[in-house]
file my_file20.csv (CSV, C-alpha atoms and all ligand atoms)
chain,number,residue,atom,x,y,z
C,61,MET,CA,-61.5,-54.1,-70.4
C,62,ASN,CA,-64.9,-55.7,-71.2
C,63,SER,CA,-65.5,-59.2,-69.9
C,64,VAL,CA,-65.0,-62.1,-72.2
C,65,VAL,CA,-68.1,-64.0,-73.5
C,66,LEU,CA,-67.1,-67.6,-74.3
C,67,GLU,CA,-70.6,-69.2,-74.3
C,68,THR,CA,-74.1,-68.0,-74.2
C,69,SER,CA,-77.3,-69.7,-73.2
C,70,LEU,CA,-80.7,-68.2,-73.5
C,71,PRO,CA,-83.7,-69.4,-71.5
C,72,GLY,CA,-86.2,-71.3,-73.7
C,73,LEU,CA,-83.9,-71.7,-76.7
C,74,LYS,CA,-81.8,-74.6,-77.7
C,75,VAL,CA,-78.2,-73.7,-78.7
C,76,ARG,CA,-75.9,-75.2,-81.3
C,77,ARG,CA,-72.3,-74.2,-80.9
C,78,GLY,CA,-69.9,-73.8,-83.8
C,79,LYS,CA,-66.3,-73.0,-83.2
C,80,VAL,CA,-67.1,-69.3,-82.8
C,81,ARG,CA,-70.8,-68.8,-83.1
C,82,ASP,CA,-73.7,-69.9,-80.8
C,83,ILE,CA,-76.7,-70.5,-83.1
C,84,TYR,CA,-80.3,-70.3,-81.9
C,85,ASP,CA,-83.1,-71.5,-84.1
C,86,LEU,CA,-86.1,-69.1,-84.3
C,87,GLY,CA,-88.1,-70.9,-87.0
C,88,ASP,CA,-87.4,-69.3,-90.4
C,89,ARG,CA,-84.7,-67.1,-88.8
C,90,LEU,CA,-81.6,-67.8,-86.8
C,91,LEU,CA,-80.0,-65.8,-84.0
C,92,LEU,CA,-76.2,-65.9,-84.4
C,93,VAL,CA,-74.4,-64.9,-81.3
C,94,ILE,CA,-70.7,-64.3,-82.0
C,95,SER,CA,-68.6,-65.3,-79.0
C,96,ASP,CA,-65.1,-64.2,-78.1
C,97,ARG,CA,-63.8,-67.7,-78.7
C,98,ILE,CA,-60.7,-67.9,-80.9
C,99,SER,CA,-59.3,-70.9,-82.7
C,100,ALA,CA,-55.8,-71.7,-83.9
C,101,PHE,CA,-54.4,-74.8,-85.5
C,102,ASP,CA,-57.9,-76.2,-85.6
C,103,TRP,CA,-58.4,-75.9,-81.9
C,104,VAL,CA,-60.7,-73.6,-79.9
C,105,LEU,CA,-58.4,-72.1,-77.3
C,106,PRO,CA,-59.5,-72.1,-73.6
C,107,THR,CA,-58.9,-68.3,-73.4
C,108,GLY,CA,-61.1,-65.9,-75.3
C,109,ILE,CA,-60.3,-62.4,-76.8
C,110,PRO,CA,-62.6,-59.9,-75.1
C,111,ASP,CA,-64.9,-58.3,-77.7
C,112,LYS,CA,-63.6,-60.3,-80.6
C,113,GLY,CA,-67.2,-61.4,-81.3
C,114,ARG,CA,-68.2,-57.7,-81.5
C,115,VAL,CA,-65.4,-56.9,-84.0
C,116,LEU,CA,-66.5,-59.8,-86.2
C,117,CYS,CA,-70.2,-58.9,-85.9
C,118,GLY,CA,-69.5,-55.2,-86.7
C,119,LEU,CA,-67.2,-56.0,-89.6
C,120,SER,CA,-69.6,-58.5,-91.2
C,121,GLU,CA,-72.4,-56.0,-90.8
C,122,PHE,CA,-70.3,-53.3,-92.4
C,123,TRP,CA,-69.6,-55.5,-95.4
C,124,PHE,CA,-73.2,-56.8,-95.8
C,125,ARG,CA,-74.3,-53.2,-96.0
C,126,THR,CA,-71.4,-52.0,-98.2
C,127,LEU,CA,-71.2,-54.7,-100.7
C,128,GLY,CA,-74.8,-54.6,-101.9
C,129,VAL,CA,-75.1,-58.3,-102.6
C,130,PRO,CA,-78.1,-60.4,-101.4
C,131,ASN,CA,-77.3,-61.6,-97.9
C,132,HIS,CA,-78.9,-63.1,-94.8
C,133,LEU,CA,-78.7,-60.2,-92.4
C,134,ILE,CA,-81.9,-58.9,-91.0
C,135,THR,CA,-80.7,-56.8,-88.1
C,136,THR,CA,-78.0,-56.5,-85.4
C,137,ASP,CA,-80.2,-54.4,-83.2
C,138,VAL,CA,-81.1,-56.8,-80.3
C,139,ASP,CA,-84.1,-54.7,-79.4
C,140,GLN,CA,-85.7,-55.7,-82.7
C,141,MET,CA,-85.1,-59.4,-82.2
C,142,PRO,CA,-88.0,-61.7,-81.4
C,143,LEU,CA,-86.6,-63.3,-78.2
C,144,PRO,CA,-88.5,-65.1,-75.5
C,145,ALA,CA,-89.5,-63.0,-72.5
C,146,GLY,CA,-86.9,-63.1,-69.8
C,147,VAL,CA,-83.9,-63.2,-72.1
C,148,ASP,CA,-81.2,-60.7,-70.9
C,149,ARG,CA,-80.4,-58.7,-74.1
C,150,GLY,CA,-77.4,-56.9,-72.5
C,151,PRO,CA,-74.7,-59.5,-73.2
C,152,LEU,CA,-76.0,-59.9,-76.7
C,153,ARG,CA,-75.5,-56.3,-77.7
C,154,GLY,CA,-73.0,-55.7,-80.5
C,155,ARG,CA,-72.4,-59.5,-81.0
C,156,SER,CA,-75.7,-60.8,-82.4
C,157,MET,CA,-77.2,-61.1,-85.8
C,158,LEU,CA,-80.7,-62.0,-86.7
C,159,VAL,CA,-80.5,-63.7,-90.1
C,160,ARG,CA,-82.7,-65.5,-92.6
C,161,LYS,CA,-82.3,-69.2,-92.1
C,162,ALA,CA,-81.0,-70.7,-95.3
C,163,SER,CA,-80.2,-74.2,-96.6
C,164,VAL,CA,-76.4,-74.1,-96.5
C,165,VAL,CA,-74.6,-74.9,-99.8
C,166,PRO,CA,-71.9,-77.4,-98.5
C,167,ILE,CA,-69.0,-75.7,-100.3
C,168,GLU,CA,-66.5,-73.2,-98.9
C,169,CYS,CA,-66.2,-70.7,-101.7
C,170,VAL,CA,-62.6,-69.6,-101.4
C,171,VAL,CA,-61.1,-66.8,-103.5
C,172,ARG,CA,-57.3,-66.1,-103.5
C,173,GLY,CA,-55.8,-63.0,-104.8
C,174,TYR,CA,-52.3,-63.8,-103.4
C,175,LEU,CA,-50.2,-67.0,-103.1
C,176,ALA,CA,-50.3,-68.0,-99.5
C,177,GLY,CA,-51.1,-70.8,-97.1
C,178,SER,CA,-52.2,-74.1,-98.7
C,179,GLY,CA,-52.2,-72.4,-102.1
C,180,TRP,CA,-48.5,-71.6,-101.9
C,181,LYS,CA,-47.8,-75.2,-100.8
C,182,GLU,CA,-49.7,-76.7,-103.7
C,183,TYR,CA,-48.1,-74.3,-106.2
C,184,GLN,CA,-44.6,-75.4,-105.1
C,185,LYS,CA,-45.4,-79.0,-105.7
C,186,GLN,CA,-47.6,-78.8,-108.8
C,187,GLY,CA,-47.4,-75.3,-110.3
C,188,ALA,CA,-51.1,-75.2,-109.8
C,189,VAL,CA,-53.7,-74.5,-107.1
C,190,CYS,CA,-56.8,-76.7,-107.0
C,191,GLY,CA,-56.2,-77.7,-110.6
C,192,ILE,CA,-55.7,-74.1,-111.8
C,193,LYS,CA,-52.4,-73.7,-113.6
C,194,LEU,CA,-50.4,-70.6,-112.6
C,195,PRO,CA,-47.5,-68.9,-114.2
C,196,VAL,CA,-44.0,-70.3,-113.4
C,197,GLY,CA,-41.7,-68.4,-111.1
C,198,LEU,CA,-44.1,-67.0,-108.6
C,199,ASN,CA,-42.9,-66.3,-105.1
C,200,GLN,CA,-44.6,-66.8,-101.8
C,201,ALA,CA,-47.1,-64.0,-101.1
C,202,ASP,CA,-47.0,-62.8,-104.7
C,203,ARG,CA,-50.1,-61.1,-106.0
C,204,LEU,CA,-51.7,-63.4,-108.6
C,205,PRO,CA,-52.3,-62.1,-112.2
C,206,GLU,CA,-56.0,-62.4,-111.3
C,207,PRO,CA,-57.9,-63.9,-108.4
C,208,ILE,CA,-58.6,-67.6,-108.5
C,209,PHE,CA,-61.6,-69.6,-107.2
C,210,THR,CA,-60.5,-72.6,-105.2
C,211,PRO,CA,-63.5,-74.3,-103.5
C,212,ALA,CA,-63.3,-76.6,-100.5
C,213,THR,CA,-65.6,-78.9,-98.7
C,214,LYS,CA,-66.4,-78.9,-95.0
C,215,ALA,CA,-65.0,-82.2,-93.9
C,216,GLU,CA,-66.6,-83.9,-90.8
C,217,SER,CA,-63.2,-83.7,-89.0
C,218,GLY,CA,-63.5,-79.9,-89.2
C,219,HIS,CA,-60.5,-79.6,-91.6
C,220,ASP,CA,-61.4,-78.3,-95.0
C,221,VAL,CA,-60.5,-80.3,-98.1
C,222,ASN,CA,-59.7,-78.5,-101.4
C,223,ILE,CA,-61.6,-79.7,-104.4
C,224,SER,CA,-61.4,-78.8,-108.1
C,225,PHE,CA,-64.1,-76.7,-109.8
C,226,ASP,CA,-65.2,-79.8,-111.7
C,227,GLU,CA,-65.7,-81.6,-108.4
C,228,MET,CA,-67.8,-78.7,-107.2
C,229,ILE,CA,-69.9,-79.0,-110.4
C,230,ARG,CA,-70.4,-82.7,-109.7
C,231,ARG,CA,-71.6,-81.9,-106.2
C,232,VAL,CA,-73.9,-78.9,-106.8
C,233,GLY,CA,-74.5,-78.7,-110.5
C,234,ARG,CA,-72.9,-76.6,-113.2
C,235,GLU,CA,-75.2,-73.6,-113.1
C,236,PRO,CA,-75.1,-73.2,-109.3
C,237,ALA,CA,-71.3,-73.7,-109.3
C,238,GLU,CA,-70.8,-71.0,-111.9
C,239,ASP,CA,-73.2,-68.7,-110.2
C,240,LEU,CA,-71.4,-69.0,-106.8
C,241,ARG,CA,-68.0,-68.6,-108.5
C,242,ARG,CA,-69.2,-65.4,-110.2
C,243,ARG,CA,-70.7,-64.0,-106.9
C,244,SER,CA,-67.5,-64.9,-105.0
C,245,PHE,CA,-65.3,-63.1,-107.5
C,246,GLN,CA,-67.6,-60.1,-107.4
C,247,ILE,CA,-67.5,-59.8,-103.6
C,248,TYR,CA,-63.8,-60.4,-103.3
C,249,VAL,CA,-62.8,-57.9,-106.0
C,250,GLY,CA,-65.0,-55.2,-104.6
C,251,GLY,CA,-64.1,-55.9,-101.0
C,252,ALA,CA,-60.4,-56.3,-101.6
C,253,ALA,CA,-60.2,-53.0,-103.5
C,254,LEU,CA,-61.9,-51.1,-100.7
C,255,ALA,CA,-59.8,-52.8,-98.0
C,256,GLU,CA,-56.6,-52.0,-99.9
C,257,LYS,CA,-57.5,-48.3,-100.0
C,258,ARG,CA,-57.8,-48.6,-96.2
C,259,GLY,CA,-54.4,-50.2,-95.7
C,260,ILE,CA,-55.4,-53.9,-95.6
C,261,ILE,CA,-54.6,-56.5,-98.2
C,262,ILE,CA,-57.2,-59.3,-98.2
C,263,ALA,CA,-54.9,-62.1,-99.5
C,264,ASP,CA,-57.6,-64.7,-99.6
C,265,THR,CA,-61.0,-65.3,-98.1
C,266,LYS,CA,-63.9,-67.8,-97.8
C,267,PHE,CA,-67.6,-67.2,-98.4
C,268,GLU,CA,-70.6,-69.3,-97.6
C,269,PHE,CA,-73.8,-69.2,-99.5
C,270,GLY,CA,-77.3,-70.6,-98.7
C,271,ILE,CA,-80.6,-70.8,-100.4
C,272,CYS,CA,-83.7,-69.2,-98.9
C,273,ASN,CA,-87.1,-69.4,-100.7
C,274,GLY,CA,-85.3,-70.0,-104.0
C,275,GLU,CA,-83.0,-67.0,-103.5
C,276,THR,CA,-79.2,-67.4,-103.2
C,277,LEU,CA,-77.9,-65.5,-100.2
C,278,LEU,CA,-74.4,-64.7,-98.8
C,279,ILE,CA,-74.5,-66.1,-95.3
C,280,ASP,CA,-72.4,-66.6,-92.2
C,281,GLU,CA,-69.6,-63.9,-91.9
C,282,VAL,CA,-67.9,-62.0,-94.6
C,283,LEU,CA,-64.4,-60.5,-95.1
C,284,THR,CA,-63.5,-60.8,-91.5
C,285,PRO,CA,-60.0,-61.6,-90.1
C,286,ASP,CA,-61.5,-65.1,-89.1
C,287,SER,CA,-62.7,-65.9,-92.6
C,288,SER,CA,-59.8,-64.2,-94.5
C,289,ARG,CA,-56.1,-63.7,-94.5
C,290,PHE,CA,-55.5,-60.0,-93.8
C,291,TRP,CA,-52.1,-58.4,-94.3
C,292,PRO,CA,-51.1,-54.8,-93.4
C,293,ALA,CA,-50.5,-53.2,-96.8
C,294,GLU,CA,-47.8,-51.0,-95.3
C,295,SER,CA,-45.4,-53.8,-94.5
C,296,TYR,CA,-46.3,-56.1,-97.5
C,297,ARG,CA,-43.3,-57.7,-99.1
C,298,PRO,CA,-43.6,-60.7,-101.5
C,299,GLY,CA,-41.1,-63.5,-101.0
C,300,GLY,CA,-41.8,-64.3,-97.4
C,301,SER,CA,-44.7,-65.1,-95.2
C,302,PRO,CA,-46.3,-61.8,-94.2
C,303,PRO,CA,-47.5,-61.7,-90.6
C,304,SER,CA,-51.3,-62.2,-90.5
C,305,PHE,CA,-53.1,-59.3,-89.1
C,306,ASP,CA,-54.8,-60.8,-86.1
C,307,LYS,CA,-53.7,-64.3,-84.9
C,308,GLN,CA,-50.0,-63.7,-85.3
C,309,PHE,CA,-49.3,-63.2,-81.6
C,310,VAL,CA,-51.4,-66.2,-80.7
C,311,ARG,CA,-49.8,-68.6,-83.2
C,312,ASP,CA,-46.3,-67.3,-82.4
C,313,TRP,CA,-46.8,-67.7,-78.7
C,314,LEU,CA,-48.2,-71.2,-79.1
C,315,GLU,CA,-45.2,-72.2,-81.2
C,316,THR,CA,-42.9,-71.2,-78.2
C,317,THR,CA,-44.8,-73.6,-75.9
C,318,ALA,CA,-44.4,-77.3,-75.6
C,319,TRP,CA,-48.0,-77.8,-76.9
C,320,ASP,CA,-48.2,-80.7,-79.4
C,321,LYS,CA,-51.3,-79.5,-81.3
C,322,ASN,CA,-52.9,-82.9,-80.7
C,323,SER,CA,-54.2,-82.3,-77.2
C,324,PRO,CA,-56.2,-79.4,-75.7
C,325,PRO,CA,-54.2,-76.2,-76.0
C,326,PRO,CA,-52.9,-74.1,-73.0
C,327,PRO,CA,-54.5,-70.9,-71.8
C,328,LEU,CA,-53.1,-67.6,-73.3
C,329,PRO,CA,-51.1,-65.1,-71.3
C,330,ASP,CA,-52.7,-61.7,-70.7
C,331,ASP,CA,-50.2,-59.9,-72.8
C,332,VAL,CA,-51.0,-62.1,-75.9
C,333,VAL,CA,-54.7,-61.6,-75.3
C,334,ARG,CA,-54.3,-57.8,-75.0
C,335,ARG,CA,-52.2,-57.5,-78.1
C,336,THR,CA,-54.5,-59.8,-80.1
C,337,ARG,CA,-57.5,-57.8,-79.0
C,338,ALA,CA,-55.8,-54.6,-80.2
C,339,LYS,CA,-55.2,-56.1,-83.7
C,340,TYR,CA,-58.8,-57.1,-84.1
C,341,ILE,CA,-59.9,-53.6,-83.2
C,342,GLU,CA,-57.3,-52.1,-85.5
C,343,ALA,CA,-58.8,-54.1,-88.4
C,344,TYR,CA,-62.3,-53.0,-87.5
C,345,GLU,CA,-61.3,-49.3,-87.3
C,346,ALA,CA,-59.2,-49.3,-90.5
C,347,LEU,CA,-61.9,-51.0,-92.6
C,348,THR,CA,-65.0,-49.3,-91.3
C,349,GLY,CA,-63.4,-45.9,-90.7
C,350,LYS,CA,-65.2,-45.8,-87.3
C,351,VAL,CA,-64.0,-45.9,-83.7
C,352,PHE,CA,-64.8,-49.3,-82.2
C,353,PRO,CA,-67.7,-48.6,-79.9
C,354,TRP,CA,-66.7,-51.2,-77.3
C,355,LYS,CA,-63.2,-50.0,-76.5
E,401,LIG,N1,-78.2,-67.8,-92.7
E,401,LIG,C1,-77.7,-69.0,-92.3
E,401,LIG,N2,-78.5,-70.1,-92.4
E,401,LIG,C2,-78.1,-71.3,-92.0
E,401,LIG,N3,-76.9,-71.6,-91.4
E,401,LIG,C3,-76.1,-70.5,-91.3
E,401,LIG,C4,-76.4,-69.2,-91.7
E,401,LIG,N4,-75.4,-68.4,-91.5
E,401,LIG,C5,-74.4,-69.1,-90.9
E,401,LIG,N5,-74.8,-70.4,-90.8
E,401,LIG,C6,-74.0,-71.6,-90.3
E,401,LIG,O1,-73.8,-71.3,-88.9
E,401,LIG,C7,-72.5,-71.8,-88.5
E,401,LIG,C8,-71.7,-70.6,-87.9
E,401,LIG,O2,-71.0,-71.1,-86.8
E,401,LIG,P1,-69.4,-71.1,-86.7
E,401,LIG,O3,-68.8,-70.0,-87.6
E,401,LIG,O4,-69.0,-70.9,-85.2
E,401,LIG,O5,-69.1,-72.5,-87.2
E,401,LIG,P2,-67.8,-73.1,-87.8
E,401,LIG,O6,-66.9,-73.6,-86.7
E,401,LIG,O7,-67.2,-72.2,-88.8
E,401,LIG,O8,-68.4,-74.4,-88.5
E,401,LIG,P3,-69.2,-75.6,-88.0
E,401,LIG,O9,-70.7,-75.2,-88.2
E,401,LIG,O10,-68.8,-76.7,-88.8
E,401,LIG,O11,-68.9,-75.8,-86.5
E,401,LIG,C9,-71.9,-72.4,-89.7
E,401,LIG,O12,-72.1,-73.8,-89.7
E,401,LIG,C10,-72.6,-71.7,-90.9
E,401,LIG,O13,-72.7,-72.5,-92.0
E,402,MG,MG,-67.4,-70.2,-89.2
call {"tool": "encode", "arguments": {"input": "my_file20.csv", "output": "structure tokens", "more": "lines below"}}
Ligand SMILES: Nc1ncnc2c1ncn2[C@@H]1O[C@H](COP(=O)(O)OP(=O)(O)OP(=O)(O)O)[C@@H](O)[C@H]1O
Ligand SMILES: [Mg+2]
result
Amino acid sequence: MNSVVLETSLPGLKVRRGKVRDIYDLGDRLLLVISDRISAFDWVLPTGIPDKGRVLCGLSEFWFRTLGVPNHLITTDVDQMPLPAGVDRGPLRGRSMLVRKASVVPIECVVRGYLAGSGWKEYQKQGAVCGIKLPVGLNQADRLPEPIFTPATKAESGHDVNISFDEMIRRVGREPAEDLRRRSFQIYVGGAALAEKRGIIIADTKFEFGICNGETLLIDEVLTPDSSRFWPAESYRPGGSPPSFDKQFVRDWLETTAWDKNSPPPPLPDDVVRRTRAKYIEAYEALTGKVFPWK
């Protein structure tokens, strides 16, 4: 098994660490190095999943190339990246993206095609999700008559807060809000249709957009198991909570421990790591139709 990459540091470059990505500023471009860190219940776990970053990088690259929408990706080829002399490119291979630096629109553009997670909770209480009225009598995990757009804001605490579309308009303006909603639907509908043919239901997902030289770009990651809820189409049954594709073993195992979710989480056992890694790779291979090159 390949070794796990939890953190990178590159000589001569300052790093900002997100939950999963290490971000290096190269002027008008960014180097995003996707680590093997995994988060659950809003915590980054002390144990990584070997090559998870490579799965996320490969999948996002696949979608950026397949979807044909304006996006931030320049290259994933580390030999093409303008890095300071002395940087060891080896550990960056397969997990790095050189991207155009954008001014990030501070809205998480969420599209839901199925009723799950916080959407299902809201529907049970209000018959609506983020102010969008839905038909009565829907069950958990039901496919919606048509996908809905349910934006959220990135809260300082790290926990996202759902907002109405009107609130999004107040924050970014009517035209940009409508434009991002249109783009989000287009990406979700195209991506979900392709994924379904390949055996994966994308129940919901989150996009981020940024503005670069006046152009709106799809940024960050796209249609990965980290930014989306993936269900295996094969075992899909409405009326319950389908197992998520990737983090199920991690969440299930954490639930069996005494961990209170309010203090640093415990390390994962090898078996949970191995099975989780296999699920990420399975998603990569199903969607791209290629053998994962880092097996
Ligand atoms: N092209 C881009 N230009 C500017 N920022 C970008 C671009 N692509 C991604 N980002 C930002 O880089 C970060 C990616 O890091 P990561 O996914 O690890 O963060 P996160 O935990 O999701 O969020 P946070 O940044 O709040 O920690 C996000 O903040 C994202 O908005
Ligand atoms: Mg992120």
call {"tool": "atom_distance", "arguments": {"input": "my_file20.csv", "atom1": "atom C7 of ligand LIG 401 (chain E)", "atom2": "atom CA of C:Thr265"}}
result
16.3 Å
call {"tool": "residues_near_ligand", "arguments": {"input": "my_file20.csv", "ligand": "ligand MG 402 (chain E)", "cutoff": "8 Å", "atoms": "all atoms listed in the file", "output": "list of chain:residue names"}}
result
C:Gly78, C:Lys79, C:Val80, C:Arg81, C:Asp280, C:Glu281, C:Asp286, C:Ser287
call {"tool": "residues_around", "arguments": {"input": "my_file20.csv", "residues": "C:Val159", "least_positions_apart": "5", "cutoff": "10 Å", "atoms": "only C-alpha atoms", "output": "ChimeraX atom specification"}}
result
/C:86,88-92,131-136,279-280
call {"tool": "write_last_selection", "arguments": {"input": "my_file20.csv", "atoms": "C-alpha atoms", "output": "compact mmCIF listing (two decimals), keeping the file's coordinate frame"}}
result
# COMPACT_ATOMS: atom_id res chain seq x y z
CA LEU C 86 -86.10 -69.10 -84.30
CA ASP C 88 -87.40 -69.30 -90.40
CA ARG C 89 -84.70 -67.10 -88.80
CA LEU C 90 -81.60 -67.80 -86.80
CA LEU C 91 -80.00 -65.80 -84.00
CA LEU C 92 -76.20 -65.90 -84.40
CA ASN C 131 -77.30 -61.60 -97.90
CA HIS C 132 -78.90 -63.10 -94.80
CA LEU C 133 -78.70 -60.20 -92.40
CA ILE C 134 -81.90 -58.90 -91.00
CA THR C 135 -80.70 -56.80 -88.10
CA THR C 136 -78.00 -56.50 -85.40
CA ILE C 279 -74.50 -66.10 -95.30
CA ASP C 280 -72.40 -66.60 -92.20
call {"tool": "closest_atom_pairs", "arguments": {"input": "my_file20.csv", "of": "stretch 82-185 of chain C", "to": "stretch 207-231 of chain C", "cutoff": "10 Å", "atoms": "all atoms listed in the file", "output": "CSV"}}
result
residue,atom,partner,partner_atom,distance
C:Phe101,CA,C:His219,CA,9.9
C:Asp102,CA,C:His219,CA,7.4
C:Trp103,CA,C:Gly218,CA,9.8
C:Val165,CA,C:Thr213,CA,9.9
C:Pro166,CA,C:Thr213,CA,6.5
C:Ile167,CA,C:Thr213,CA,4.9
C:Glu168,CA,C:Ala212,CA,4.9
C:Cys169,CA,C:Pro211,CA,4.8
C:Val170,CA,C:Pro211,CA,5.2
C:Val171,CA,C:Phe209,CA,4.7
C:Arg172,CA,C:Ile208,CA,5.4
C:Gly173,CA,C:Pro207,CA,4.3
C:Tyr174,CA,C:Pro207,CA,7.5
C:Leu175,CA,C:Pro207,CA,9.8
C:Ser178,CA,C:Asn222,CA,9.1
C:Gly179,CA,C:Thr210,CA,8.9
call {"tool": "residues_around", "arguments": {"input": "my_file20.csv", "residues": "C:Glu67", "least_positions_apart": "6", "cutoff": "9 Å", "atoms": "only C-alpha atoms", "output": "list of chain:residue names"}}
result
C:Arg77, C:Arg81, C:Asp82, C:Ser95, C:Asp96, C:Arg97
call {"tool": "atom_distance", "arguments": {"input": "my_file20.csv", "atom1": "atom CA of C:Ile271", "atom2": "atom CA of C:Ile98"}}
result
28.0 Å
call {"tool": "closest_residue", "arguments": {"input": "my_file20.csv", "among": "C:Glu182, C:Asp264, C:Asp239, C:Glu275", "to": "ligand LIG 401 (chain E)", "atoms": "only C-alpha atoms and all ligand atoms"}}
result
C:Glu275
call {"tool": "closest_residue", "arguments": {"input": "my_file20.csv", "among": "C:Arg334, C:Arg153, C:Lys266, C:Arg203", "to": "C:Asp139", "atoms": "all atoms listed in the file"}}
result
C:Arg153
call {"tool": "residues_around", "arguments": {"input": "my_file20.csv", "residues": "C:Val65", "least_positions_apart": "6", "cutoff": "10 Å", "atoms": "only C-alpha atoms", "output": "mmCIF file with C-alpha atoms, in the coordinates of the input"}}
result
data_model
loop_
_atom_site.group_PDB
_atom_site.id
_atom_site.type_symbol
_atom_site.label_atom_id
_atom_site.label_comp_id
_atom_site.auth_asym_id
_atom_site.auth_seq_id
_atom_site.Cartn_x
_atom_site.Cartn_y
_atom_site.Cartn_z
ATOM 1 C CA ILE C 94 -70.700 -64.300 -82.000
ATOM 2 C CA SER C 95 -68.600 -65.300 -79.000
ATOM 3 C CA ASP C 96 -65.100 -64.200 -78.100
ATOM 4 C CA ARG C 97 -63.800 -67.700 -78.700
ATOM 5 C CA GLY C 108 -61.100 -65.900 -75.300
ATOM 6 C CA ILE C 109 -60.300 -62.400 -76.800
ATOM 7 C CA PRO C 110 -62.600 -59.900 -75.100
ATOM 8 C CA ASP C 111 -64.900 -58.300 -77.700
ATOM 9 C CA LYS C 112 -63.600 -60.300 -80.600
ATOM 10 C CA GLY C 113 -67.200 -61.400 -81.300
ATOM 11 C CA PRO C 151 -74.700 -59.500 -73.200
ATOM 12 C CA LEU C 152 -76.000 -59.900 -76.700
ATOM 13 C CA ARG C 155 -72.400 -59.500 -81.000
#
call {"tool": "closest_residue", "arguments": {"input": "my_file20.csv", "among": "C:Ser304, C:Ser120, C:Ser163, C:Thr107", "to": "ligand LIG 401 (chain E)", "atoms": "only C-alpha atoms and all ligand atoms"}}
result
C:Ser163
call {"tool": "residues_near_point", "arguments": {"input": "my_file20.csv", "point": "(-72.9, -68.9, -110.0)", "cutoff": "12 Å", "atoms": "only C-alpha atoms", "output": "ChimeraX atom specification"}}
result
/C:165,169,209,225,228-229,232-246,269,276-277
call {"tool": "atom_distance", "arguments": {"input": "my_file20.csv", "atom1": "atom CA of C:Val310", "atom2": "atom CA of C:Ala343"}}
result
16.1 Å
call {"tool": "closest_residue", "arguments": {"input": "my_file20.csv", "among": "C:Val164, C:Ala318, C:Ala201, C:Ala338", "to": "ligand LIG 401 (chain E)", "atoms": "only C-alpha atoms and all ligand atoms"}}
result
C:Val164
call {"tool": "closest_residue", "arguments": {"input": "my_file20.csv", "among": "C:Leu328, C:Leu119, C:Leu73, C:Val282", "to": "ligand LIG 401 (chain E)", "atoms": "all atoms listed in the file"}}
result
C:Val282
call {"tool": "decode", "arguments": {"input": "my_file20.csv", "residues": "stretch 220-251 of chain C", "atoms": "C-alpha atoms", "output": "PDB file, in the first residue's frame"}}
result
ATOM      1  CA  ASP C 220     -22.604  25.257   6.502  1.00  0.00           C
ATOM      2  CA  VAL C 221     -25.869  27.140   6.944  1.00  0.00           C
ATOM      3  CA  ASN C 222     -28.677  26.708   4.421  1.00  0.00           C
ATOM      4  CA  ILE C 223     -30.131  29.913   2.994  1.00  0.00           C
ATOM      5  CA  SER C 224     -33.056  30.657   0.693  1.00  0.00           C
ATOM      6  CA  PHE C 225     -32.513  31.635  -2.917  1.00  0.00           C
ATOM      7  CA  ASP C 226     -33.803  35.136  -2.032  1.00  0.00           C
ATOM      8  CA  GLU C 227     -31.093  35.403   0.609  1.00  0.00           C
ATOM      9  CA  MET C 228     -28.513  34.361  -2.000  1.00  0.00           C
ATOM     10  CA  ILE C 229     -29.826  37.141  -4.270  1.00  0.00           C
ATOM     11  CA  ARG C 230     -29.433  39.638  -1.417  1.00  0.00           C
ATOM     12  CA  ARG C 231     -25.840  38.517  -0.923  1.00  0.00           C
ATOM     13  CA  VAL C 232     -24.537  38.274  -4.501  1.00  0.00           C
ATOM     14  CA  GLY C 233     -27.135  40.041  -6.670  1.00  0.00           C
ATOM     15  CA  ARG C 234     -29.974  38.659  -8.788  1.00  0.00           C
ATOM     16  CA  GLU C 235     -28.099  38.113 -12.026  1.00  0.00           C
ATOM     17  CA  PRO C 236     -25.102  36.290 -10.524  1.00  0.00           C
ATOM     18  CA  ALA C 237     -27.416  34.176  -8.333  1.00  0.00           C
ATOM     19  CA  GLU C 238     -29.510  33.106 -11.307  1.00  0.00           C
ATOM     20  CA  ASP C 239     -26.393  32.459 -13.366  1.00  0.00           C
ATOM     21  CA  LEU C 240     -24.825  30.227 -10.689  1.00  0.00           C
ATOM     22  CA  ARG C 241     -28.085  28.352 -10.207  1.00  0.00           C
ATOM     23  CA  ARG C 242     -28.338  27.714 -13.948  1.00  0.00           C
ATOM     24  CA  ARG C 243     -24.721  26.505 -14.104  1.00  0.00           C
ATOM     25  CA  SER C 244     -25.217  24.295 -11.042  1.00  0.00           C
ATOM     26  CA  PHE C 245     -28.261  22.581 -12.541  1.00  0.00           C
ATOM     27  CA  GLN C 246     -26.466  22.063 -15.830  1.00  0.00           C
ATOM     28  CA  ILE C 247     -23.448  20.413 -14.177  1.00  0.00           C
ATOM     29  CA  TYR C 248     -25.536  18.286 -11.840  1.00  0.00           C
ATOM     30  CA  VAL C 249     -27.934  17.055 -14.509  1.00  0.00           C
ATOM     31  CA  GLY C 250     -25.142  16.156 -16.936  1.00  0.00           C
ATOM     32  CA  GLY C 251     -22.896  14.609 -14.283  1.00  0.00           C
TER      33      GLY C 251
END
